[in-house]
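**Student:** What follows is entry-v2.cif; its format and atoms are mmCIF, C-alpha atoms.
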```cif
data_work
#
loop_
_atom_site.group_PDB
_atom_site.id
_atom_site.type_symbol
_atom_site.label_atom_id
_atom_site.label_comp_id
_atom_site.auth_asym_id
_atom_site.auth_seq_id
_atom_site.Cartn_x
_atom_site.Cartn_y
_atom_site.Cartn_z
ATOM 1 C CA MET S 1 -214.677 -0.857 -7.416
ATOM 2 C CA LYS S 2 -211.008 -1.654 -6.797
ATOM 3 C CA TYR S 3 -208.166 -0.016 -8.703
ATOM 4 C CA CYS S 4 -204.495 -0.537 -9.431
ATOM 5 C CA PHE S 5 -201.710 1.511 -10.997
ATOM 6 C CA GLY S 6 -199.411 0.152 -13.704
ATOM 7 C CA VAL S 7 -196.093 1.951 -14.212
ATOM 8 C CA ASP S 8 -193.538 1.303 -16.954
ATOM 9 C CA ILE S 9 -190.294 3.248 -16.435
ATOM 10 C CA GLY S 10 -188.328 3.986 -19.608
ATOM 11 C CA GLY S 11 -185.163 5.999 -20.130
ATOM 12 C CA THR S 12 -187.067 8.910 -21.717
ATOM 13 C CA THR S 13 -190.636 8.681 -20.412
ATOM 14 C CA VAL S 14 -192.590 6.886 -17.706
ATOM 15 C CA LYS S 15 -195.877 5.347 -18.870
ATOM 16 C CA LEU S 16 -198.569 5.422 -16.185
ATOM 17 C CA GLY S 17 -201.959 3.745 -16.169
ATOM 18 C CA LEU S 18 -204.907 3.649 -13.779
ATOM 19 C CA PHE S 19 -206.698 0.302 -14.137
ATOM 20 C CA THR S 20 -209.545 -1.566 -12.548
ATOM 21 C CA THR S 21 -208.443 -4.875 -11.037
ATOM 22 C CA GLU S 22 -210.220 -6.579 -13.974
ATOM 23 C CA GLY S 23 -207.597 -5.110 -16.308
ATOM 24 C CA GLU S 24 -209.673 -2.298 -17.792
ATOM 25 C CA ILE S 25 -207.772 0.964 -18.433
ATOM 26 C CA VAL S 26 -209.448 3.922 -16.741
ATOM 27 C CA ASP S 27 -206.777 6.456 -17.755
ATOM 28 C CA LYS S 28 -203.220 6.464 -19.078
ATOM 29 C CA TRP S 29 -200.645 9.198 -19.434
ATOM 30 C CA GLU S 30 -196.882 9.823 -19.506
ATOM 31 C CA ILE S 31 -194.363 11.922 -17.596
ATOM 32 C CA LYS S 32 -190.754 12.728 -18.422
ATOM 33 C CA THR S 33 -188.079 10.494 -16.878
ATOM 34 C CA ARG S 34 -185.759 12.932 -15.115
ATOM 35 C CA THR S 35 -182.496 10.978 -14.950
ATOM 36 C CA GLU S 36 -180.181 13.802 -13.791
ATOM 37 C CA ASN S 37 -178.509 13.532 -10.354
ATOM 38 C CA GLN S 38 -178.497 9.717 -10.464
ATOM 39 C CA GLY S 39 -182.218 9.659 -11.247
ATOM 40 C CA GLU S 40 -183.151 10.932 -7.796
ATOM 41 C CA ALA S 41 -186.403 12.513 -9.063
ATOM 42 C CA VAL S 42 -187.777 9.440 -10.889
ATOM 43 C CA LEU S 43 -189.658 7.775 -8.032
ATOM 44 C CA PRO S 44 -190.834 11.010 -6.334
ATOM 45 C CA ASP S 45 -192.186 12.219 -9.705
ATOM 46 C CA ILE S 46 -194.107 8.938 -10.161
ATOM 47 C CA ALA S 47 -195.540 9.010 -6.627
ATOM 48 C CA ALA S 48 -196.663 12.614 -7.091
ATOM 49 C CA ALA S 49 -198.278 11.838 -10.475
ATOM 50 C CA LEU S 50 -200.195 8.858 -9.039
ATOM 51 C CA ASN S 51 -201.447 10.743 -6.010
ATOM 52 C CA GLU S 52 -202.543 13.650 -8.236
ATOM 53 C CA LYS S 53 -204.517 11.188 -10.380
ATOM 54 C CA LEU S 54 -206.306 9.823 -7.303
ATOM 55 C CA GLU S 55 -207.279 13.390 -6.347
ATOM 56 C CA GLU S 56 -208.440 14.172 -9.878
ATOM 57 C CA LYS S 57 -210.601 11.005 -10.041
ATOM 58 C CA GLN S 58 -211.664 11.352 -6.381
ATOM 59 C CA ILE S 59 -210.566 7.795 -5.606
ATOM 60 C CA PRO S 60 -209.657 7.103 -1.949
ATOM 61 C CA LYS S 61 -206.389 5.236 -1.365
ATOM 62 C CA ASP S 62 -208.104 2.323 0.343
ATOM 63 C CA GLU S 63 -209.702 1.460 -3.020
ATOM 64 C CA VAL S 64 -206.242 1.006 -4.605
ATOM 65 C CA GLU S 65 -204.779 -2.513 -4.404
ATOM 66 C CA GLY S 66 -201.297 -1.240 -5.160
ATOM 67 C CA ILE S 67 -198.756 -0.057 -7.718
ATOM 68 C CA GLY S 68 -196.940 -2.356 -10.132
ATOM 69 C CA VAL S 69 -193.677 -1.005 -11.551
ATOM 70 C CA GLY S 70 -191.552 -2.256 -14.456
ATOM 71 C CA VAL S 71 -187.902 -1.145 -14.313
ATOM 72 C CA PRO S 72 -185.278 -1.416 -17.117
ATOM 73 C CA ALA S 73 -182.835 -3.446 -14.997
ATOM 74 C CA PRO S 74 -182.584 -6.759 -13.148
ATOM 75 C CA VAL S 75 -184.770 -6.642 -10.007
ATOM 76 C CA ASP S 76 -184.508 -9.131 -7.146
ATOM 77 C CA SER S 77 -187.376 -10.648 -5.164
ATOM 78 C CA GLU S 78 -187.161 -7.849 -2.571
ATOM 79 C CA GLY S 79 -187.679 -5.144 -5.203
ATOM 80 C CA VAL S 80 -184.026 -4.064 -5.118
ATOM 81 C CA VAL S 81 -182.039 -2.901 -8.159
ATOM 82 C CA GLN S 82 -178.223 -3.085 -8.106
ATOM 83 C CA ASN S 83 -177.609 -0.918 -11.178
ATOM 84 C CA THR S 84 -179.357 0.517 -14.243
ATOM 85 C CA ALA S 85 -177.993 1.369 -17.679
ATOM 86 C CA ASN S 86 -180.160 4.420 -18.400
ATOM 87 C CA LEU S 87 -181.828 5.737 -15.235
ATOM 88 C CA GLY S 88 -178.710 6.762 -13.348
ATOM 89 C CA TRP S 89 -179.509 4.499 -10.385
ATOM 90 C CA GLY S 90 -176.942 2.418 -8.586
ATOM 91 C CA TYR S 91 -178.152 0.287 -5.644
ATOM 92 C CA LYS S 92 -181.770 1.226 -5.012
ATOM 93 C CA GLU S 93 -184.494 -0.257 -2.817
ATOM 94 C CA VAL S 94 -187.217 0.552 -5.312
ATOM 95 C CA LYS S 95 -190.100 -1.255 -3.573
ATOM 96 C CA ARG S 96 -189.413 0.318 -0.168
ATOM 97 C CA GLU S 97 -188.947 3.827 -1.588
ATOM 98 C CA MET S 98 -192.036 3.611 -3.805
ATOM 99 C CA GLU S 99 -194.196 2.478 -0.892
ATOM 100 C CA GLU S 100 -192.867 5.234 1.397
ATOM 101 C CA LEU S 101 -193.297 7.962 -1.247
ATOM 102 C CA SER S 102 -196.767 6.916 -2.417
ATOM 103 C CA GLY S 103 -198.373 5.476 0.693
ATOM 104 C CA MET S 104 -199.445 2.429 -1.354
ATOM 105 C CA ARG S 105 -198.217 -1.161 -1.680
ATOM 106 C CA ALA S 106 -195.782 -1.655 -4.576
ATOM 107 C CA GLU S 107 -194.544 -4.644 -6.579
ATOM 108 C CA ILE S 108 -191.426 -4.225 -8.737
ATOM 109 C CA GLY S 109 -190.197 -6.258 -11.716
ATOM 110 C CA ASN S 110 -187.855 -6.124 -14.692
ATOM 111 C CA ASP S 111 -189.592 -4.336 -17.571
ATOM 112 C CA ALA S 112 -189.223 -7.176 -20.116
ATOM 113 C CA ASN S 113 -190.510 -9.748 -17.617
ATOM 114 C CA VAL S 114 -193.403 -7.478 -16.703
ATOM 115 C CA ALA S 115 -194.340 -6.974 -20.380
ATOM 116 C CA ALA S 116 -194.319 -10.769 -20.799
ATOM 117 C CA LEU S 117 -196.703 -11.077 -17.854
ATOM 118 C CA GLY S 118 -199.006 -8.529 -19.495
ATOM 119 C CA GLU S 119 -199.054 -10.459 -22.786
ATOM 120 C CA MET S 120 -199.794 -13.693 -20.907
ATOM 121 C CA TRP S 121 -202.674 -12.075 -19.011
ATOM 122 C CA LEU S 122 -204.540 -10.104 -21.666
ATOM 123 C CA GLY S 123 -202.462 -10.241 -24.867
ATOM 124 C CA ALA S 124 -201.090 -12.816 -27.298
ATOM 125 C CA GLY S 125 -200.462 -15.337 -24.509
ATOM 126 C CA LYS S 126 -203.978 -15.163 -23.040
ATOM 127 C CA GLY S 127 -205.146 -18.583 -21.872
ATOM 128 C CA ARG S 128 -201.580 -19.887 -21.537
ATOM 129 C CA LYS S 129 -199.517 -20.187 -18.364
ATOM 130 C CA ASN S 130 -196.057 -20.863 -19.859
ATOM 131 C CA ILE S 131 -194.755 -18.342 -22.380
ATOM 132 C CA VAL S 132 -191.513 -16.668 -23.391
ATOM 133 C CA MET S 133 -191.782 -13.125 -24.694
ATOM 134 C CA VAL S 134 -189.047 -11.973 -27.064
ATOM 135 C CA THR S 135 -188.660 -8.277 -27.860
ATOM 136 C CA LEU S 136 -186.744 -7.514 -31.047
ATOM 137 C CA GLY S 137 -185.786 -3.865 -30.726
ATOM 138 C CA THR S 138 -182.469 -2.062 -30.335
ATOM 139 C CA GLY S 139 -181.446 -5.193 -28.431
ATOM 140 C CA VAL S 140 -183.088 -8.564 -27.842
ATOM 141 C CA GLY S 141 -185.081 -8.661 -24.616
ATOM 142 C CA GLY S 142 -186.845 -11.560 -23.018
ATOM 143 C CA GLY S 143 -189.317 -12.422 -20.303
ATOM 144 C CA ILE S 144 -190.158 -15.916 -19.089
ATOM 145 C CA ILE S 145 -193.515 -16.786 -17.510
ATOM 146 C CA MET S 146 -193.804 -20.219 -15.911
ATOM 147 C CA ASN S 147 -197.072 -21.373 -14.317
ATOM 148 C CA GLY S 148 -198.394 -17.825 -14.637
ATOM 149 C CA LYS S 149 -195.523 -16.274 -12.663
ATOM 150 C CA ILE S 150 -192.432 -14.321 -13.721
ATOM 151 C CA LEU S 151 -189.253 -16.404 -13.610
ATOM 152 C CA THR S 152 -186.747 -13.959 -12.090
ATOM 153 C CA GLY S 153 -183.779 -16.118 -11.075
ATOM 154 C CA GLU S 154 -181.323 -15.472 -8.247
ATOM 155 C CA ASN S 155 -180.084 -12.102 -9.569
ATOM 156 C CA GLY S 156 -183.240 -10.965 -11.336
ATOM 157 C CA ALA S 157 -181.533 -11.676 -14.677
ATOM 158 C CA ALA S 158 -183.538 -14.704 -15.877
ATOM 159 C CA GLY S 159 -184.855 -14.129 -19.390
ATOM 160 C CA GLU S 160 -181.856 -12.122 -20.616
ATOM 161 C CA ILE S 161 -181.974 -14.160 -23.806
ATOM 162 C CA GLY S 162 -180.245 -11.474 -25.874
ATOM 163 C CA HIS S 163 -177.011 -12.548 -24.210
ATOM 164 C CA ILE S 164 -177.081 -16.233 -25.077
ATOM 165 C CA THR S 165 -173.889 -17.003 -27.020
ATOM 166 C CA VAL S 166 -174.783 -18.109 -30.545
ATOM 167 C CA ASN S 167 -171.453 -17.465 -32.300
ATOM 168 C CA PRO S 168 -168.263 -18.218 -30.332
ATOM 169 C CA LYS S 169 -166.144 -16.994 -33.282
ATOM 170 C CA GLU S 170 -167.428 -13.394 -33.138
ATOM 171 C CA THR S 171 -164.678 -10.761 -32.710
ATOM 172 C CA LEU S 172 -166.865 -7.720 -31.973
ATOM 173 C CA THR S 173 -167.945 -7.105 -28.374
ATOM 174 C CA CYS S 174 -171.608 -6.890 -27.336
ATOM 175 C CA GLY S 175 -172.796 -4.111 -25.016
ATOM 176 C CA CYS S 176 -172.770 -6.660 -22.171
ATOM 177 C CA GLY S 177 -169.005 -7.182 -22.591
ATOM 178 C CA CYS S 178 -169.218 -10.664 -24.128
ATOM 179 C CA LYS S 179 -168.842 -11.685 -27.792
ATOM 180 C CA GLY S 180 -171.212 -13.549 -30.099
ATOM 181 C CA CYS S 181 -174.447 -12.716 -28.243
ATOM 182 C CA LEU S 182 -177.819 -13.277 -29.936
ATOM 183 C CA GLU S 183 -178.436 -9.529 -29.656
ATOM 184 C CA GLN S 184 -175.536 -8.835 -32.026
ATOM 185 C CA TYR S 185 -177.423 -10.498 -34.923
ATOM 186 C CA SER S 186 -181.134 -10.713 -34.166
ATOM 187 C CA SER S 187 -181.974 -7.214 -32.949
ATOM 188 C CA ALA S 188 -182.803 -4.283 -35.229
ATOM 189 C CA THR S 189 -179.216 -3.121 -34.654
ATOM 190 C CA GLY S 190 -177.999 -6.616 -35.530
ATOM 191 C CA VAL S 191 -179.863 -7.040 -38.820
ATOM 192 C CA ILE S 192 -178.782 -3.525 -39.896
ATOM 193 C CA ARG S 193 -175.178 -4.460 -39.172
ATOM 194 C CA LEU S 194 -175.484 -7.723 -41.136
ATOM 195 C CA ALA S 195 -176.926 -5.845 -44.115
ATOM 196 C CA LYS S 196 -174.237 -3.136 -44.041
ATOM 197 C CA GLU S 197 -171.453 -5.728 -43.864
ATOM 198 C CA ARG S 198 -172.822 -7.315 -47.026
ATOM 199 C CA LEU S 199 -173.157 -3.967 -48.785
ATOM 200 C CA GLU S 200 -169.473 -3.305 -48.123
ATOM 201 C CA ALA S 201 -168.241 -6.785 -49.013
ATOM 202 C CA SER S 202 -170.229 -7.274 -52.224
ATOM 203 C CA ASP S 203 -171.007 -5.528 -55.512
ATOM 204 C CA LYS S 204 -174.470 -7.089 -55.737
ATOM 205 C CA PRO S 205 -177.235 -4.675 -56.719
ATOM 206 C CA SER S 206 -179.510 -3.881 -53.778
ATOM 207 C CA GLU S 207 -182.427 -1.628 -52.919
ATOM 208 C CA LEU S 208 -180.438 -0.674 -49.818
ATOM 209 C CA ARG S 209 -177.766 1.117 -51.878
ATOM 210 C CA LYS S 210 -180.162 4.009 -52.506
ATOM 211 C CA PHE S 211 -180.022 4.928 -48.807
ATOM 212 C CA ALA S 212 -177.278 6.826 -47.001
ATOM 213 C CA ASP S 213 -175.508 4.691 -44.400
ATOM 214 C CA ASP S 214 -177.363 6.271 -41.475
ATOM 215 C CA GLU S 215 -180.757 5.930 -43.213
ATOM 216 C CA ILE S 216 -180.765 2.114 -43.187
ATOM 217 C CA GLY S 217 -182.986 0.837 -40.383
ATOM 218 C CA GLY S 218 -184.603 -2.502 -39.623
ATOM 219 C CA LYS S 219 -187.702 -1.499 -41.613
ATOM 220 C CA GLU S 220 -185.618 -0.723 -44.710
ATOM 221 C CA VAL S 221 -183.844 -4.088 -44.524
ATOM 222 C CA PHE S 222 -187.140 -5.988 -44.185
ATOM 223 C CA ASP S 223 -188.841 -3.919 -46.901
ATOM 224 C CA ALA S 224 -185.997 -4.823 -49.272
ATOM 225 C CA TYR S 225 -186.276 -8.465 -48.210
ATOM 226 C CA LYS S 226 -190.015 -8.505 -48.952
ATOM 227 C CA ALA S 227 -189.280 -6.971 -52.384
ATOM 228 C CA GLY S 228 -187.015 -9.924 -53.244
ATOM 229 C CA ASP S 229 -183.693 -8.147 -52.663
ATOM 230 C CA GLU S 230 -180.991 -10.857 -52.643
ATOM 231 C CA LEU S 231 -178.543 -9.026 -50.409
ATOM 232 C CA ALA S 232 -181.229 -8.113 -47.855
ATOM 233 C CA ALA S 233 -182.372 -11.749 -47.933
ATOM 234 C CA GLU S 234 -178.883 -12.909 -46.914
ATOM 235 C CA ALA S 235 -178.913 -10.551 -43.922
ATOM 236 C CA VAL S 236 -182.463 -11.487 -42.873
ATOM 237 C CA ASP S 237 -181.738 -15.213 -43.242
ATOM 238 C CA GLU S 238 -178.720 -14.881 -40.936
ATOM 239 C CA PHE S 239 -180.792 -12.834 -38.455
ATOM 240 C CA ALA S 240 -183.406 -15.629 -38.433
ATOM 241 C CA ALA S 241 -180.881 -18.472 -38.261
ATOM 242 C CA TYR S 242 -179.296 -17.099 -35.096
ATOM 243 C CA LEU S 243 -182.679 -16.306 -33.561
ATOM 244 C CA GLY S 244 -183.938 -19.819 -34.306
ATOM 245 C CA MET S 245 -180.827 -21.231 -32.644
ATOM 246 C CA GLY S 246 -181.159 -18.996 -29.581
ATOM 247 C CA LEU S 247 -184.854 -19.697 -29.063
ATOM 248 C CA GLY S 248 -184.250 -23.401 -29.586
ATOM 249 C CA ASN S 249 -181.800 -23.248 -26.687
ATOM 250 C CA VAL S 250 -184.363 -21.422 -24.558
ATOM 251 C CA ALA S 251 -187.071 -23.977 -25.372
ATOM 252 C CA SER S 252 -184.771 -26.850 -24.391
ATOM 253 C CA VAL S 253 -184.565 -25.356 -20.897
ATOM 254 C CA VAL S 254 -188.091 -24.015 -20.212
ATOM 255 C CA ASP S 255 -190.372 -25.756 -22.795
ATOM 256 C CA PRO S 256 -192.947 -22.937 -23.255
ATOM 257 C CA GLN S 257 -196.403 -23.252 -24.776
ATOM 258 C CA ALA S 258 -195.704 -20.188 -26.907
ATOM 259 C CA PHE S 259 -193.117 -17.621 -27.899
ATOM 260 C CA VAL S 260 -194.648 -14.134 -28.125
ATOM 261 C CA ILE S 261 -192.652 -11.891 -30.461
ATOM 262 C CA GLY S 262 -192.760 -8.123 -29.844
ATOM 263 C CA GLY S 263 -190.570 -5.051 -30.306
ATOM 264 C CA GLY S 264 -190.041 -2.859 -33.355
ATOM 265 C CA LEU S 265 -189.083 -5.650 -35.767
ATOM 266 C CA SER S 266 -192.304 -7.534 -34.984
ATOM 267 C CA LYS S 267 -194.161 -4.753 -36.823
ATOM 268 C CA ASN S 268 -193.006 -6.427 -40.055
ATOM 269 C CA GLY S 269 -195.849 -8.847 -39.358
ATOM 270 C CA PRO S 270 -196.424 -12.584 -39.898
ATOM 271 C CA ILE S 271 -193.335 -12.894 -42.126
ATOM 272 C CA VAL S 272 -191.178 -12.483 -38.999
ATOM 273 C CA ILE S 273 -193.005 -15.366 -37.304
ATOM 274 C CA GLU S 274 -192.589 -17.580 -40.398
ATOM 275 C CA LEU S 275 -188.851 -16.866 -40.605
ATOM 276 C CA ILE S 276 -188.209 -17.559 -36.922
ATOM 277 C CA LYS S 277 -190.401 -20.674 -36.672
ATOM 278 C CA LYS S 278 -188.733 -22.283 -39.698
ATOM 279 C CA GLN S 279 -185.260 -21.805 -38.208
ATOM 280 C CA TYR S 280 -186.398 -22.715 -34.687
ATOM 281 C CA GLU S 281 -187.704 -26.087 -35.841
ATOM 282 C CA LYS S 282 -184.258 -26.937 -37.264
ATOM 283 C CA ASN S 283 -182.781 -26.505 -33.791
ATOM 284 C CA VAL S 284 -185.090 -28.422 -31.464
ATOM 285 C CA MET S 285 -185.894 -32.012 -30.595
ATOM 286 C CA PHE S 286 -189.212 -33.566 -31.649
ATOM 287 C CA ALA S 287 -191.042 -32.788 -28.384
ATOM 288 C CA LEU S 288 -190.510 -29.030 -28.871
ATOM 289 C CA LYS S 289 -191.438 -28.652 -32.542
ATOM 290 C CA ASN S 290 -195.094 -27.727 -31.956
ATOM 291 C CA THR S 291 -194.371 -24.638 -29.857
ATOM 292 C CA GLU S 292 -196.589 -21.738 -30.939
ATOM 293 C CA PHE S 293 -195.172 -18.463 -32.254
ATOM 294 C CA ARG S 294 -197.429 -15.425 -31.906
ATOM 295 C CA LEU S 295 -197.098 -11.683 -32.514
ATOM 296 C CA ALA S 296 -197.443 -9.539 -29.376
ATOM 297 C CA GLU S 297 -200.794 -7.716 -29.121
ATOM 298 C CA LEU S 298 -200.518 -5.105 -26.373
ATOM 299 C CA GLY S 299 -197.799 -2.926 -27.933
ATOM 300 C CA ASN S 300 -196.383 -0.230 -25.668
ATOM 301 C CA ASP S 301 -199.047 -0.920 -23.024
ATOM 302 C CA ALA S 302 -197.820 -4.454 -22.251
ATOM 303 C CA GLY S 303 -195.599 -3.230 -19.415
ATOM 304 C CA MET S 304 -198.448 -1.407 -17.701
ATOM 305 C CA TYR S 305 -200.769 -4.421 -17.978
ATOM 306 C CA GLY S 306 -198.083 -6.721 -16.585
ATOM 307 C CA ALA S 307 -197.326 -4.311 -13.752
ATOM 308 C CA VAL S 308 -200.991 -4.417 -12.731
ATOM 309 C CA ARG S 309 -200.996 -8.217 -12.941
ATOM 310 C CA MET S 310 -198.020 -8.375 -10.524
ATOM 311 C CA VAL S 311 -200.121 -6.629 -7.901
ATOM 312 C CA ILE S 312 -203.372 -8.571 -8.282
ATOM 313 C CA GLN S 313 -202.194 -12.125 -9.002
#
```
Since I need it in another form, could you write the structure as structure tokens?
**Tutor:**
Amino acid sequence: MKYCFGVDIGGTTVKLGLFTTEGEIVDKWEIKTRTENQGEAVLPDIAAALNEKLEEKQIPKDEVEGIGVGVPAPVDSEGVVQNTANLGWGYKEVKREMEELSGMRAEIGNDANVAALGEMWLGAGKGRKNIVMVTLGTGVGGGIIMNGKILTGENGAAGEIGHITVNPKETLTCGCGCKGCLEQYSSATGVIRLAKERLEASDKPSELRKFADDEIGGKEVFDAYKAGDELAAEAVDEFAAYLGMGLGNVASVVDPQAFVIGGGLSKNGPIVIELIKKQYEKNVMFALKNTEFRLAELGNDAGMYGAVRMVIQ
């Protein structure tokens, strides 16, 4: 039996999984992400946790194909990160350090790209070689898989679809420093903002008025939309219009078989797919209109599955 580790590094916790090379989970667990002192403990903590697991399961290292690691930052082809928003790292040779600390081969990728690879392998994209995964959470993340491989680009930033410009007239600045990014409208943060702007600008009755300002989340906006709330519908329609435009632009460049929609907002179910697909089809040429839209299936484990796939493909 051959094994592989899948590691998904987040700003709060690190998800760790021991897998067979067939993709079967043997064990999964989490450790805290210790980001203090420029995140110096993150990789040593992971290496220690993996080696402890091998001891516990009495698995010799020569039965481990390697470690796949998803990192929340652009990663180049050499496994090097230049900077991270929430781990405290600046320039870091993640692949080299992980291999030295663990004594095992390591493959490193951007977390969104790695999750996309997981969904292509054993999730909603199974059986397809060309997919784009879109994560609708606090921001809008993306991962592009072409011919079964992650498309990384020169700087490791391919698939950053949340930062496609969809509104050149926007005056507010996105977290990336630009204005009018897709993320400003089509993330959970974005749809909440669109709803709150309407609540302030209008006297229309709305289910959302029963909540305090800080109690309105993406779920509340979509629940009101599903209940026929007119004001929530305006916000959700704008969210979908910008997302349809952004994904239409993506499709014109990479022509995927399917878009896989994940992240917190995807938990609102098939209605999200219907909204996006309708707007997408308004924004693409005839050859791209039959692209599939599917809800992600692997949830929080997608990154671990994709990390394993990086090692064994």
**Student:** On this structure, which residues satisfy the PyMOL selection byres ((chain S and resi 121) around 12), written as a PyMOL selection string?
**Tutor:** chain S and resi 22-23+114-120+122-131+145+147-150+296-298+302-310+312-313
**Student:** Have a look at S:Val71, S:Val166, S:Ile271, S:Ala48 and name the one nearest to Lys226 (chain S); count only C-alpha atoms.
**Tutor:** S:Ile271
**Student:** Using the chain letters and numbers from the file, which residues does the PyMOL selection byres ((chain S and resi 183) around 9) grab, as a ChimeraX atom specification?
**Tutor:** /S:136,138-141,161-164,174,180-182,184-190,243
**Student:** How would the residues just picked look written out with C-alpha atoms as a short mmCIF file (atom, residue, chain, number, x, y, z; two decimals), keeping the file's coordinate frame?
**Tutor:**
```cif
data_model
loop_
_atom_site.label_atom_id
_atom_site.label_comp_id
_atom_site.auth_asym_id
_atom_site.auth_seq_id
_atom_site.Cartn_x
_atom_site.Cartn_y
_atom_site.Cartn_z
CA LEU S 136 -186.74 -7.51 -31.05
CA THR S 138 -182.47 -2.06 -30.34
CA GLY S 139 -181.45 -5.19 -28.43
CA VAL S 140 -183.09 -8.56 -27.84
CA GLY S 141 -185.08 -8.66 -24.62
CA ILE S 161 -181.97 -14.16 -23.81
CA GLY S 162 -180.24 -11.47 -25.87
CA HIS S 163 -177.01 -12.55 -24.21
CA ILE S 164 -177.08 -16.23 -25.08
CA CYS S 174 -171.61 -6.89 -27.34
CA GLY S 180 -171.21 -13.55 -30.10
CA CYS S 181 -174.45 -12.72 -28.24
CA LEU S 182 -177.82 -13.28 -29.94
CA GLN S 184 -175.54 -8.84 -32.03
CA TYR S 185 -177.42 -10.50 -34.92
CA SER S 186 -181.13 -10.71 -34.17
CA SER S 187 -181.97 -7.21 -32.95
CA ALA S 188 -182.80 -4.28 -35.23
CA THR S 189 -179.22 -3.12 -34.65
CA GLY S 190 -178.00 -6.62 -35.53
CA LEU S 243 -182.68 -16.31 -33.56
#
```
**Student:** Determine the residue membership of the PyMOL selection byres ((chain S and resi 290) around 10) for the file above and supply it as a PyMOL selection string.
**Tutor:** chain S and resi 257-258+277+281+286-289+291-293
**Student:** Restricting the calculation to only C-alpha atoms, which member of S:Thr20, S:Ser266, S:Gln58, S:Thr171 is positioned closest to Lys2 (chain S)?
**Tutor:** S:Thr20
**Student:** Please report the interatomic distance between CA of Leu18 (chain S) and CA of Glu100 (chain S) in Å with one decimal.
**Tutor:**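 Interatomic distance here is 19.4 Å.
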**Student:** Might I get the box with edges along x, y and z of the file that holds all atoms of region 225-242 of chain S listed there, padded by 3 Å on every side, given as centre and edge lengths in Å to one decimal, as JSON?
**Tutor:**
```
{"center_x": -184.3, "center_y": -12.7, "center_z": -44.2, "size_x": 17.5, "size_y": 17.5, "size_z": 24.1}
```
**Student:** I'd like the interatomic distance between CA of Thr165 (chain S) and CA of Val191 (chain S), to a tenth of an Å.
**Tutor:**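 These atoms are spaced 16.6 Å apart.
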**Student:** S:Leu199, S:Leu172, S:Val253, S:Ala212: which is nearest Glu230 (chain S), counting all atoms listed in the file?
**Tutor:**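 Using all atoms listed in the file, Glu230 (chain S) sits closest to S:Leu199.
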**Student:** Return the single residue from S:Ala41, S:Leu50, S:Ala240, S:Ile192 that is closest to Lys15 (chain S), with distances computed using all atoms listed in the file.
**Tutor:**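 Ranking S:Ala41, S:Leu50, S:Ala240, S:Ile192 by distance to Lys15 (chain S), first place goes to S:Leu50.
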**Student:** Could you state the separation of CA of Ser252 (chain S) and CA of Met146 (chain S) in Å, given to one decimal place?
**Tutor:** 14.1 Å
